[in-house]
file start-v5.txt (compact mmCIF, C-alpha atoms)
# COMPACT_ATOMS: atom_id res chain seq x y z
CA SER E 14 -18.86 -41.16 23.11
CA ALA E 15 -18.52 -39.65 26.57
CA LYS E 16 -18.74 -36.46 28.58
CA THR E 17 -16.58 -35.27 31.46
CA PRO E 18 -17.78 -33.62 34.70
CA ALA E 19 -16.00 -30.42 33.56
CA GLY E 20 -18.09 -30.23 30.39
CA GLY E 21 -15.78 -31.87 27.86
CA ALA E 22 -17.19 -34.13 25.17
CA ILE E 23 -15.49 -36.83 23.10
CA GLN E 24 -16.57 -39.32 20.53
CA GLY E 25 -14.65 -41.71 18.35
CA GLN E 26 -14.13 -45.18 17.01
CA GLY E 27 -11.09 -47.30 16.28
CA ASP E 28 -9.10 -50.43 17.08
CA MET E 29 -7.53 -51.61 20.34
CA ARG E 30 -5.21 -54.55 21.01
CA LEU E 31 -4.26 -55.84 24.44
CA SER E 32 -1.07 -57.82 23.76
CA PRO E 33 0.97 -55.91 22.95
CA PHE E 34 -1.19 -52.93 23.84
CA SER E 35 -2.01 -50.52 21.01
CA LEU E 36 -4.82 -48.08 20.34
CA VAL E 37 -5.77 -46.25 17.16
CA VAL E 38 -8.90 -44.12 17.29
CA ASN E 39 -10.48 -41.52 15.03
CA THR E 40 -11.87 -38.96 17.42
CA GLU E 41 -13.57 -35.61 17.74
CA PHE E 42 -13.52 -33.73 21.02
CA ASP E 43 -14.37 -30.36 22.55
CA GLY E 44 -14.34 -28.54 25.88
CA PHE E 45 -11.17 -30.06 27.36
CA ALA E 46 -8.63 -28.07 29.38
CA ALA E 47 -5.35 -27.92 27.46
CA SER E 48 -3.44 -28.16 30.75
CA ASP E 49 -5.05 -31.60 31.33
CA VAL E 50 -4.41 -32.99 27.85
CA PHE E 51 -1.01 -31.77 26.59
CA PRO E 52 1.10 -33.11 29.51
CA LEU E 53 -0.19 -36.60 28.58
CA LEU E 54 1.14 -36.16 25.06
CA SER E 55 4.52 -34.47 25.42
CA ASP E 56 7.25 -33.26 27.77
CA ALA E 57 7.84 -30.14 25.65
CA SER E 58 7.52 -27.07 27.89
CA LEU E 59 5.62 -25.12 25.23
CA LEU E 60 2.79 -27.66 25.20
CA ASN E 61 2.84 -28.16 28.96
CA ASN E 62 2.61 -24.40 29.57
CA LEU E 63 -0.36 -23.91 27.25
CA SER E 64 -3.70 -23.13 28.82
CA GLY E 65 -7.12 -22.73 27.23
CA VAL E 66 -10.10 -24.75 26.05
CA LEU E 67 -9.05 -27.45 23.59
CA ALA E 68 -11.05 -28.89 20.72
CA GLY E 69 -9.95 -31.06 17.83
CA LYS E 70 -10.56 -33.75 15.27
CA GLY E 71 -8.21 -36.43 14.02
CA SER E 72 -6.47 -39.73 14.61
CA PHE E 73 -4.87 -40.58 17.96
CA SER E 74 -2.74 -43.61 18.77
CA LEU E 75 -0.98 -45.24 21.74
CA PRO E 76 1.45 -46.28 23.15
CA LYS E 77 3.71 -44.01 21.06
CA ARG E 78 1.42 -40.99 21.52
CA LYS E 79 0.75 -39.84 17.99
CA PHE E 80 -1.85 -37.42 16.65
CA SER E 81 -2.81 -36.31 13.14
CA GLY E 82 -5.53 -33.79 12.43
CA GLY E 83 -6.61 -30.32 13.50
CA LEU E 84 -6.77 -28.49 16.84
CA GLN E 85 -8.23 -25.28 18.22
CA LEU E 86 -7.42 -23.47 21.47
CA THR E 87 -9.63 -20.67 22.76
CA LYS E 88 -9.11 -18.07 25.51
CA GLY E 89 -5.64 -19.33 26.30
CA SER E 90 -2.10 -18.34 27.17
CA VAL E 91 1.48 -19.57 27.42
CA ARG E 92 2.80 -19.22 30.96
CA LYS E 93 6.21 -19.64 32.56
CA ALA E 94 6.39 -19.83 36.34
CA GLN E 95 3.93 -17.16 37.50
CA SER E 96 4.16 -14.91 34.44
CA THR E 97 2.25 -14.96 31.16
CA ILE E 98 4.47 -14.96 28.07
CA PHE E 99 1.56 -14.26 25.75
CA SER E 100 -2.19 -14.74 25.61
CA PHE E 101 -4.62 -15.13 22.73
CA ASN E 102 -8.28 -15.24 21.83
CA ASP E 103 -7.88 -18.44 19.83
CA ILE E 104 -5.36 -20.48 17.84
CA VAL E 105 -6.34 -22.76 14.96
CA PHE E 106 -3.86 -25.50 13.98
CA ASP E 107 -4.35 -27.25 10.63
CA GLY E 108 -2.42 -30.18 9.23
CA VAL E 109 -0.95 -31.33 12.56
CA ASN E 110 1.23 -34.45 12.61
CA TYR E 111 2.71 -35.14 16.02
CA SER E 112 4.81 -37.92 17.56
CA SER E 113 6.18 -37.83 21.11
CA GLU E 114 9.09 -40.31 20.85
CA PRO E 115 11.08 -39.09 19.09
CA PHE E 116 9.63 -35.58 19.21
CA GLN E 117 8.34 -34.77 15.72
CA LEU E 118 5.95 -31.95 14.98
CA GLU E 119 4.53 -30.85 11.63
CA ILE E 120 2.00 -28.03 11.29
CA ALA E 121 0.68 -26.84 7.94
CA SER E 122 -0.66 -23.59 9.40
CA ALA E 123 -1.29 -21.94 12.74
CA ILE E 124 -3.54 -18.88 12.93
CA ILE E 125 -3.27 -16.87 16.16
CA ASN E 126 -6.08 -14.38 16.65
CA GLN E 127 -5.64 -11.34 18.92
CA PRO E 128 -2.37 -12.38 20.57
CA GLN E 129 -1.16 -10.15 23.41
CA PHE E 130 2.54 -9.86 24.27
CA SER E 131 4.67 -7.81 26.63
CA TRP E 132 8.32 -6.96 25.97
CA GLN E 133 10.62 -5.68 28.70
CA VAL E 134 13.79 -4.23 27.16
CA GLY E 135 16.94 -4.23 29.30
CA GLU E 136 20.69 -4.10 28.83
CA ASN E 137 20.89 -7.85 28.30
CA SER E 138 17.84 -8.07 26.03
CA LEU E 139 17.82 -9.76 22.66
CA ASP E 140 16.53 -7.97 19.59
CA PRO E 141 12.96 -8.88 18.49
CA MET E 142 14.21 -11.37 15.91
CA GLN E 143 16.42 -13.18 18.43
CA HIS E 144 13.67 -13.02 21.05
CA PHE E 145 11.33 -14.92 18.74
CA ALA E 146 13.96 -17.57 17.92
CA SER E 147 14.82 -17.97 21.59
CA PHE E 148 11.16 -18.65 22.39
CA PHE E 149 11.10 -21.69 20.08
CA GLN E 150 14.52 -22.95 21.14
CA HIS E 151 13.61 -22.91 24.83
CA HIS E 152 10.05 -24.19 24.61
CA LEU E 153 10.27 -27.00 22.07
CA ALA E 154 12.15 -30.22 22.73
CA VAL E 155 15.35 -29.36 20.89
CA SER E 156 18.45 -30.68 22.65
CA ARG E 157 21.95 -29.25 22.28
CA GLU E 158 23.05 -32.58 20.77
CA ASP E 159 20.38 -32.25 18.10
CA THR E 160 21.36 -28.72 17.07
CA LYS E 161 23.62 -28.51 14.03
CA GLU E 162 24.29 -26.18 11.17
CA PRO E 163 23.10 -26.69 7.57
CA GLY E 164 25.54 -28.97 5.76
CA ASP E 165 26.82 -30.78 8.88
CA GLN E 166 27.36 -34.48 8.28
CA ALA E 167 26.39 -35.61 11.77
CA LYS E 168 23.66 -38.21 12.25
CA SER E 169 20.09 -37.09 11.71
CA PRO E 170 18.63 -35.55 14.89
CA SER E 171 15.79 -37.34 16.62
CA THR E 172 13.83 -34.10 17.01
CA GLN E 173 12.16 -32.81 13.87
CA ILE E 174 10.00 -29.69 13.54
CA ALA E 175 8.36 -28.33 10.41
CA ILE E 176 5.90 -25.45 10.72
CA LYS E 177 4.99 -24.08 7.31
CA GLU E 178 3.26 -20.89 8.41
CA ILE E 179 2.21 -19.00 11.53
CA SER E 180 -0.18 -16.08 11.12
CA PHE E 181 -0.82 -13.35 13.69
CA ASN E 182 -4.03 -11.35 13.46
CA GLN E 183 -4.77 -8.06 15.26
CA GLY E 184 -2.28 -8.54 18.07
CA GLY E 185 -1.02 -6.15 20.70
CA ILE E 186 2.42 -5.65 22.28
CA LEU E 187 3.14 -3.68 25.43
CA VAL E 188 6.73 -2.38 25.33
CA GLN E 189 8.73 -1.01 28.24
CA ASP E 190 12.33 0.15 27.72
CA ASN E 191 13.98 0.00 31.12
CA ARG E 192 17.28 1.39 29.78
CA LEU E 193 15.90 4.91 29.34
CA LYS E 194 15.37 7.42 32.13
CA PRO E 195 12.56 7.68 32.84
CA LYS E 196 11.44 4.30 31.50
CA TRP E 197 9.68 4.53 28.17
CA LYS E 198 6.37 2.76 27.69
CA GLY E 199 4.58 2.25 24.41
CA ASP E 200 2.18 -0.11 22.72
CA VAL E 201 1.92 -1.78 19.33
CA SER E 202 -1.63 -2.32 18.09
CA GLU E 203 -3.12 -4.05 15.02
CA PHE E 204 -0.06 -6.29 14.89
CA SER E 205 -0.57 -8.73 12.00
CA GLY E 206 1.59 -10.79 9.69
CA LYS E 207 3.18 -14.15 8.99
CA ILE E 208 6.33 -16.15 9.53
CA LYS E 209 7.05 -19.07 7.22
CA ASN E 210 9.21 -22.18 7.20
CA ILE E 211 10.14 -22.78 10.82
CA GLN E 212 12.16 -25.96 10.51
CA PHE E 213 14.47 -28.09 12.61
CA PRO E 214 17.05 -29.27 11.82
CA ALA E 215 17.97 -26.04 10.05
CA ASN E 216 18.21 -26.15 6.28
CA GLU E 217 19.39 -23.68 3.67
CA GLU E 218 15.94 -22.06 3.46
CA LYS E 219 15.55 -19.38 6.11
CA SER E 220 12.36 -18.46 7.92
CA GLU E 221 10.80 -15.41 6.28
CA PHE E 222 8.58 -13.00 8.20
CA SER E 223 6.52 -9.92 7.41
CA PHE E 224 4.46 -7.86 9.88
CA THR E 225 2.53 -4.61 10.02
CA GLY E 226 1.10 -2.71 12.96
CA LYS E 227 0.97 0.64 14.71
CA LEU E 228 3.37 1.92 17.36
CA GLN E 229 1.61 4.65 19.32
CA ASN E 230 -0.86 4.77 16.38
CA THR E 231 2.04 5.26 13.92
CA PRO E 232 2.19 2.74 11.03
CA LEU E 233 5.12 0.33 11.13
CA THR E 234 6.39 -2.53 8.99
CA LEU E 235 8.83 -5.30 9.84
CA LYS E 236 10.08 -7.91 7.40
CA GLY E 237 13.12 -10.10 7.01
CA GLU E 238 14.53 -13.60 7.38
CA MET E 239 16.31 -15.59 10.07
CA ASP E 240 17.52 -19.03 11.17
CA VAL E 241 15.29 -20.01 14.08
CA PHE E 242 17.15 -23.10 15.29
CA THR E 243 20.81 -22.57 14.38
CA LYS E 244 23.47 -22.16 17.06
CA ASP E 245 24.61 -18.78 15.73
CA ARG E 246 21.90 -16.16 15.46
CA ASN E 247 22.07 -14.88 11.91
CA GLY E 248 19.47 -13.01 9.91
CA LYS E 249 18.36 -9.64 8.65
CA PHE E 250 15.30 -7.44 8.81
CA GLN E 251 13.94 -4.10 7.61
CA PHE E 252 11.96 -1.83 9.89
CA THR E 253 9.99 1.28 8.94
CA LEU E 254 8.05 3.80 10.98
CA ASP E 255 6.04 6.52 9.26
CA GLY E 256 5.12 9.76 11.07
CA PHE E 257 6.14 8.94 14.65
CA PRO E 258 5.69 11.89 17.07
CA LEU E 259 8.91 13.08 18.68
CA ALA E 260 6.81 14.05 21.71
CA SER E 261 6.57 10.35 22.60
CA PHE E 262 10.19 10.61 23.82
CA HIS E 263 9.88 14.09 25.34
CA ASP E 264 10.50 12.92 28.92
CA GLN E 265 13.60 10.98 27.86
CA LEU E 266 15.09 13.65 25.53
CA SER E 267 14.14 17.03 26.98
CA THR E 268 17.04 17.07 29.47
CA LYS E 269 19.60 15.95 26.89
CA THR E 270 18.99 18.33 23.99
CA ASP E 271 17.83 21.88 23.34
CA VAL E 272 15.57 20.72 20.51
CA ASN E 273 11.88 21.27 21.17
CA THR E 274 10.88 17.63 21.69
CA LYS E 275 7.21 18.50 22.19
CA SER E 276 6.70 18.83 18.45
CA GLY E 277 7.91 17.30 15.21
CA LEU E 278 7.59 13.96 13.45
CA LEU E 279 10.04 11.36 12.22
CA ASN E 280 10.09 8.64 9.57
CA LEU E 281 12.48 5.75 10.18
CA GLN E 282 13.91 3.34 7.62
CA MET E 283 16.34 0.83 9.11
CA ASP E 284 18.12 -2.25 7.80
CA CYS E 285 19.58 -4.61 10.40
CA ALA E 286 21.86 -7.57 9.68
CA VAL E 287 22.98 -10.01 12.38
CA LYS E 288 26.01 -12.20 11.75
CA ASP E 289 28.63 -13.78 14.00
CA GLY E 290 27.42 -11.86 17.04
CA LYS E 291 27.56 -8.46 15.33
CA PHE E 292 24.66 -6.13 14.54
CA GLN E 293 24.87 -3.81 11.56
CA ASN E 294 22.18 -1.12 11.73
CA SER E 295 21.98 1.30 8.82
CA GLY E 296 19.33 3.58 7.41
CA SER E 297 17.94 7.07 7.77
CA LEU E 298 15.66 9.24 9.87
CA LEU E 299 13.59 11.91 8.13
CA PHE E 300 12.52 14.65 10.56
CA SER E 301 9.80 17.20 9.86
CA GLY E 302 8.67 20.22 11.85
CA VAL E 303 11.56 19.99 14.32
CA LYS E 304 12.52 23.29 15.97
CA PRO E 305 15.00 24.45 18.61
CA ILE E 306 13.64 25.58 21.96
CA SER E 307 14.89 29.10 21.13
CA GLU E 308 16.80 30.98 18.46
CA LYS E 309 19.83 31.10 20.77
CA ALA E 310 19.95 27.32 21.31
CA ASP E 311 23.04 25.42 20.15
CA SER E 312 20.81 23.36 17.87
CA ALA E 313 19.36 26.43 16.09
CA LEU E 314 22.18 26.81 13.54
CA PRO E 315 22.55 23.13 12.54
CA LEU E 316 18.78 22.79 12.28
CA ALA E 317 18.63 25.87 10.04
CA LEU E 318 21.38 24.48 7.81
CA LEU E 319 20.00 20.95 7.66
CA THR E 320 16.31 21.80 7.21
CA ASP E 321 14.95 22.28 3.69
CA SER E 322 12.12 24.50 2.48
CA ASP E 323 9.58 21.85 3.53
CA GLU E 324 10.90 21.95 7.11
CA LYS E 325 12.44 18.51 6.75
CA PHE E 326 15.95 17.15 7.27
CA ARG E 327 17.51 13.71 7.16
CA LEU E 328 20.04 11.94 9.35
CA ASP E 329 21.77 8.89 7.89
CA PHE E 330 23.23 6.35 10.30
CA ASP E 331 25.41 3.26 10.20
CA PHE E 332 26.11 1.57 13.54
CA VAL E 333 27.89 -1.67 14.41
CA GLN E 334 27.39 -3.27 17.81
CA SER E 335 28.07 -6.56 19.57
CA GLU E 336 25.73 -8.84 21.46
CA PRO E 337 23.62 -8.43 23.43
CA ALA E 338 21.56 -6.01 21.37
CA GLY E 339 20.13 -4.37 24.49
CA LYS E 340 23.41 -2.81 25.60
CA SER E 341 23.21 -0.28 22.77
CA VAL E 342 20.32 2.21 22.83
CA PHE E 343 19.28 3.38 19.36
CA LEU E 344 17.80 6.63 20.69
CA GLU E 345 21.09 7.53 22.36
CA GLU E 346 23.06 6.65 19.22
CA ILE E 347 20.93 9.05 17.17
CA LEU E 348 21.21 11.76 19.80
CA ALA E 349 25.02 11.41 19.74
CA LEU E 350 24.95 11.67 15.94
CA PHE E 351 22.95 14.89 16.10
CA HIS E 352 25.30 16.34 18.72
CA THR E 353 28.12 15.68 16.25
CA LYS E 354 26.27 17.93 13.80
CA ILE E 355 26.11 20.65 16.47
CA VAL E 356 29.85 20.40 17.06
CA LYS E 357 30.53 20.62 13.32
CA SER E 358 28.37 23.74 13.02
CA SER E 359 30.29 25.40 15.88
CA VAL E 360 33.60 24.67 14.11
CA SER E 361 32.41 25.64 10.65
CA PRO E 362 28.79 25.88 9.48
CA LEU E 363 29.93 24.92 5.97
CA LEU E 364 30.68 21.40 7.25
CA LEU E 365 26.94 20.79 7.25
CA VAL E 366 26.14 21.99 3.74
CA SER E 367 24.82 19.48 1.25
CA GLY E 368 22.96 19.25 -2.04
CA ASP E 369 23.24 22.41 -4.17
CA PHE E 370 25.71 23.91 -1.70
CA SER E 371 28.12 20.97 -1.35
CA ASP E 372 30.74 22.79 -3.49
CA LEU E 373 31.17 25.25 -0.61
CA LEU E 374 32.71 22.56 1.62
CA GLY E 375 36.29 23.50 2.49
CA ASN E 376 35.88 27.21 1.71
CA GLU E 377 36.69 29.78 4.38
CA PHE E 378 33.67 31.87 3.42
CA ALA E 379 30.63 31.75 1.11
CA GLU E 380 29.91 34.35 -1.54
CA PHE E 381 26.32 35.33 -2.28
CA GLU E 382 24.36 38.13 -3.90
CA PRO E 383 22.72 40.58 -1.47
CA GLY E 384 19.22 39.42 -0.62
CA GLN E 385 19.86 35.85 -1.84

call {"tool": "encode", "arguments": {"input": "start-v5.txt", "output": "structure tokens"}}
result
Amino acid sequence: SAKTPAGGAIQGQGDMRLSPFSLVVNTEFDGFAASDVFPLLSDASLLNNLSGVLAGKGSFSLPKRKFSGGLQLTKGSVRKAQSTIFSFNDIVFDGVNYSSEPFQLEIASAIINQPQFSWQVGENSLDPMQHFASFFQHHLAVSREDTKEPGDQAKSPSTQIAIKEISFNQGGILVQDNRLKPKWKGDVSEFSGKIKNIQFPANEEKSEFSFTGKLQNTPLTLKGEMDVFTKDRNGKFQFTLDGFPLASFHDQLSTKTDVNTKSGLLNLQMDCAVKDGKFQNSGSLLFSGVKPISEKADSALPLALLTDSDEKFRLDFDFVQSEPAGKSVFLEEILALFHTKIVKSSVSPLLLVSGDFSDLLGNEFAEFEPGQ
């Protein structure tokens, strides 16, 4: 057993041979700086950019740098250059099997408590699903020669990664959309969920994920599946938002529409599929309590025709876009769709009728009983 001047403690027992040199030790340690330990074990940028206080228990061997056991990091972060990619209160790794040459990493479970992220959205930004995959592709030791698609008959890659489950508990995400004017800022709180089966080389089983949280205190859900390590980014996800205040986008929308953006709520249900560089976004927005700024506004008539007795109306959408995802702004797509409704109402209000009144479509006028 031993202690370091910085306060670390280690104890263990095992076997050592001098010719050829080899070391196998069962050890337990605590209080070590991750930035001092991980660079000795691997060249992977993810491990080398990890900071925090490291503790663990397991079997360690040299000269091939292998470890099997469990690890815990507290008060840490992942940094790149001078910026922090994300920080956390602690991460607990169970069932770790690691080998440096070739790079092989197995983790039965990783639990990340109170992670904190920031997401800057620009015209060249990836969608959240791609952003997550890109993080693993850039920070783990996966070479371009190793990458192949399921079913390829090439030789087995030297790099192997198998992470059964990563859990996120009570995280936070600061979001800034730089494409909007003025820039929109929001935050996701209580972000929790899991992603399963992160594996390289890619197999037929996709990584499944499911998350919940609150965007500006509005409940959200996100679930789907994706291929983390394939060359082509393919996958799908479902996103819901329940009771989001339109006022959150007042500064961005007020100059572009004569709808009163200081009031009203929306529910969003969106399905997104990514395949061969194309994004298919479909779903619906359910608005409630949305009013025009005045009775003479261009939006007054379409809102009156679209809104039901419960002061709600729905907009269905179906958009197709190419990579990168950031060059298309969902808010602007929806605004353009609503402006189409305004144009239709100016041509013929009957173009907007639906439900019980859909049989009026195509008529030059509508008959009704006085007072009805």

call {"tool": "residues_around", "arguments": {"input": "start-v5.txt", "residues": "E:Ser55", "least_positions_apart": "5", "cutoff": "9 Å", "atoms": "all atoms listed in the file", "output": "PDB file with C-alpha atoms, in the frame of the given file"}}
result
ATOM      1  CA  LEU E  60       2.790 -27.660  25.200  1.00  0.00           C
ATOM      2  CA  ASN E  61       2.840 -28.160  28.960  1.00  0.00           C
ATOM      3  CA  ARG E  78       1.420 -40.990  21.520  1.00  0.00           C
ATOM      4  CA  SER E 112       4.810 -37.920  17.560  1.00  0.00           C
ATOM      5  CA  SER E 113       6.180 -37.830  21.110  1.00  0.00           C
ATOM      6  CA  GLU E 114       9.090 -40.310  20.850  1.00  0.00           C
ATOM      7  CA  PHE E 116       9.630 -35.580  19.210  1.00  0.00           C
TER       8      PHE E 116
END

call {"tool": "residues_around", "arguments": {"input": "start-v5.txt", "residues": "E:Gln127", "least_positions_apart": "4", "cutoff": "10 Å", "atoms": "all atoms listed in the file", "output": "list in words"}}
result
Ser100, Phe101, Asn102, Asp103, Ile104, Phe181, Asn182, Gln183, Gly184, Gly185, Ser202, Glu203, Phe204 and Ser205 of chain E

call {"tool": "residues_around", "arguments": {"input": "start-v5.txt", "residues": "E:Lys219", "least_positions_apart": "6", "cutoff": "10 Å", "atoms": "all atoms listed in the file", "output": "PyMOL selection string"}}
result
chain E and resi 209-212+237-241+247-248

call {"tool": "write_last_selection", "arguments": {"input": "start-v5.txt", "atoms": "C-alpha atoms", "output": "PDB file, keeping the file's coordinate frame"}}
result
ATOM      1  CA  LYS E 209       7.050 -19.070   7.220  1.00  0.00           C
ATOM      2  CA  ASN E 210       9.210 -22.180   7.200  1.00  0.00           C
ATOM      3  CA  ILE E 211      10.140 -22.780  10.820  1.00  0.00           C
ATOM      4  CA  GLN E 212      12.160 -25.960  10.510  1.00  0.00           C
ATOM      5  CA  GLY E 237      13.120 -10.100   7.010  1.00  0.00           C
ATOM      6  CA  GLU E 238      14.530 -13.600   7.380  1.00  0.00           C
ATOM      7  CA  MET E 239      16.310 -15.590  10.070  1.00  0.00           C
ATOM      8  CA  ASP E 240      17.520 -19.030  11.170  1.00  0.00           C
ATOM      9  CA  VAL E 241      15.290 -20.010  14.080  1.00  0.00           C
ATOM     10  CA  ASN E 247      22.070 -14.880  11.910  1.00  0.00           C
ATOM     11  CA  GLY E 248      19.470 -13.010   9.910  1.00  0.00           C
TER      12      GLY E 248
END

call {"tool": "closest_residue", "arguments": {"input": "start-v5.txt", "among": "E:Ser295, E:Leu348, E:Ser74, E:Phe145", "to": "E:Asp28", "atoms": "all atoms listed in the file"}}
result
E:Ser74

call {"tool": "residues_around", "arguments": {"input": "start-v5.txt", "residues": "stretch 261-272 of chain E", "least_positions_apart": "5", "cutoff": "8 Å", "atoms": "all atoms listed in the file", "output": "list in words"}}
result
Leu193, Lys194, Pro195, Lys196, Trp197, Val303, Lys304, Pro305, Ile306, Ala310, Asp311 and Ser312 of chain E

call {"tool": "atom_distance", "arguments": {"input": "start-v5.txt", "atom1": "atom CA of E:Ser138", "atom2": "atom CA of E:Thr172"}}
result
27.8 Å

call {"tool": "atom_distance", "arguments": {"input": "start-v5.txt", "atom1": "atom CA of E:Glu346", "atom2": "atom CA of E:Phe300"}}
result
15.8 Å

call {"tool": "closest_residue", "arguments": {"input": "start-v5.txt", "among": "E:Leu316, E:Leu328, E:Ile186, E:Ile98", "to": "E:Leu279", "atoms": "all atoms listed in the file"}}
result
E:Leu328

call {"tool": "closest_residue", "arguments": {"input": "start-v5.txt", "among": "E:Asp289, E:Glu136, E:Glu345, E:Asp323", "to": "E:Arg192", "atoms": "all atoms listed in the file"}}
result
E:Glu136

call {"tool": "closest_residue", "arguments": {"input": "start-v5.txt", "among": "E:His144, E:Lys288, E:Lys354, E:Lys309", "to": "E:Val333", "atoms": "only C-alpha atoms"}}
result
E:Lys288

call {"tool": "residues_around", "arguments": {"input": "start-v5.txt", "residues": "stretch 337-343 of chain E", "least_positions_apart": "6", "cutoff": "7 Å", "atoms": "only C-alpha atoms", "output": "list of chain:residue names"}}
result
E:Val134, E:Gly135, E:Glu136, E:Asn137, E:Ser138, E:Leu139, E:Asp140

call {"tool": "atom_distance", "arguments": {"input": "start-v5.txt", "atom1": "atom CA of E:Thr225", "atom2": "atom CA of E:Gln133"}}
result
20.4 Å
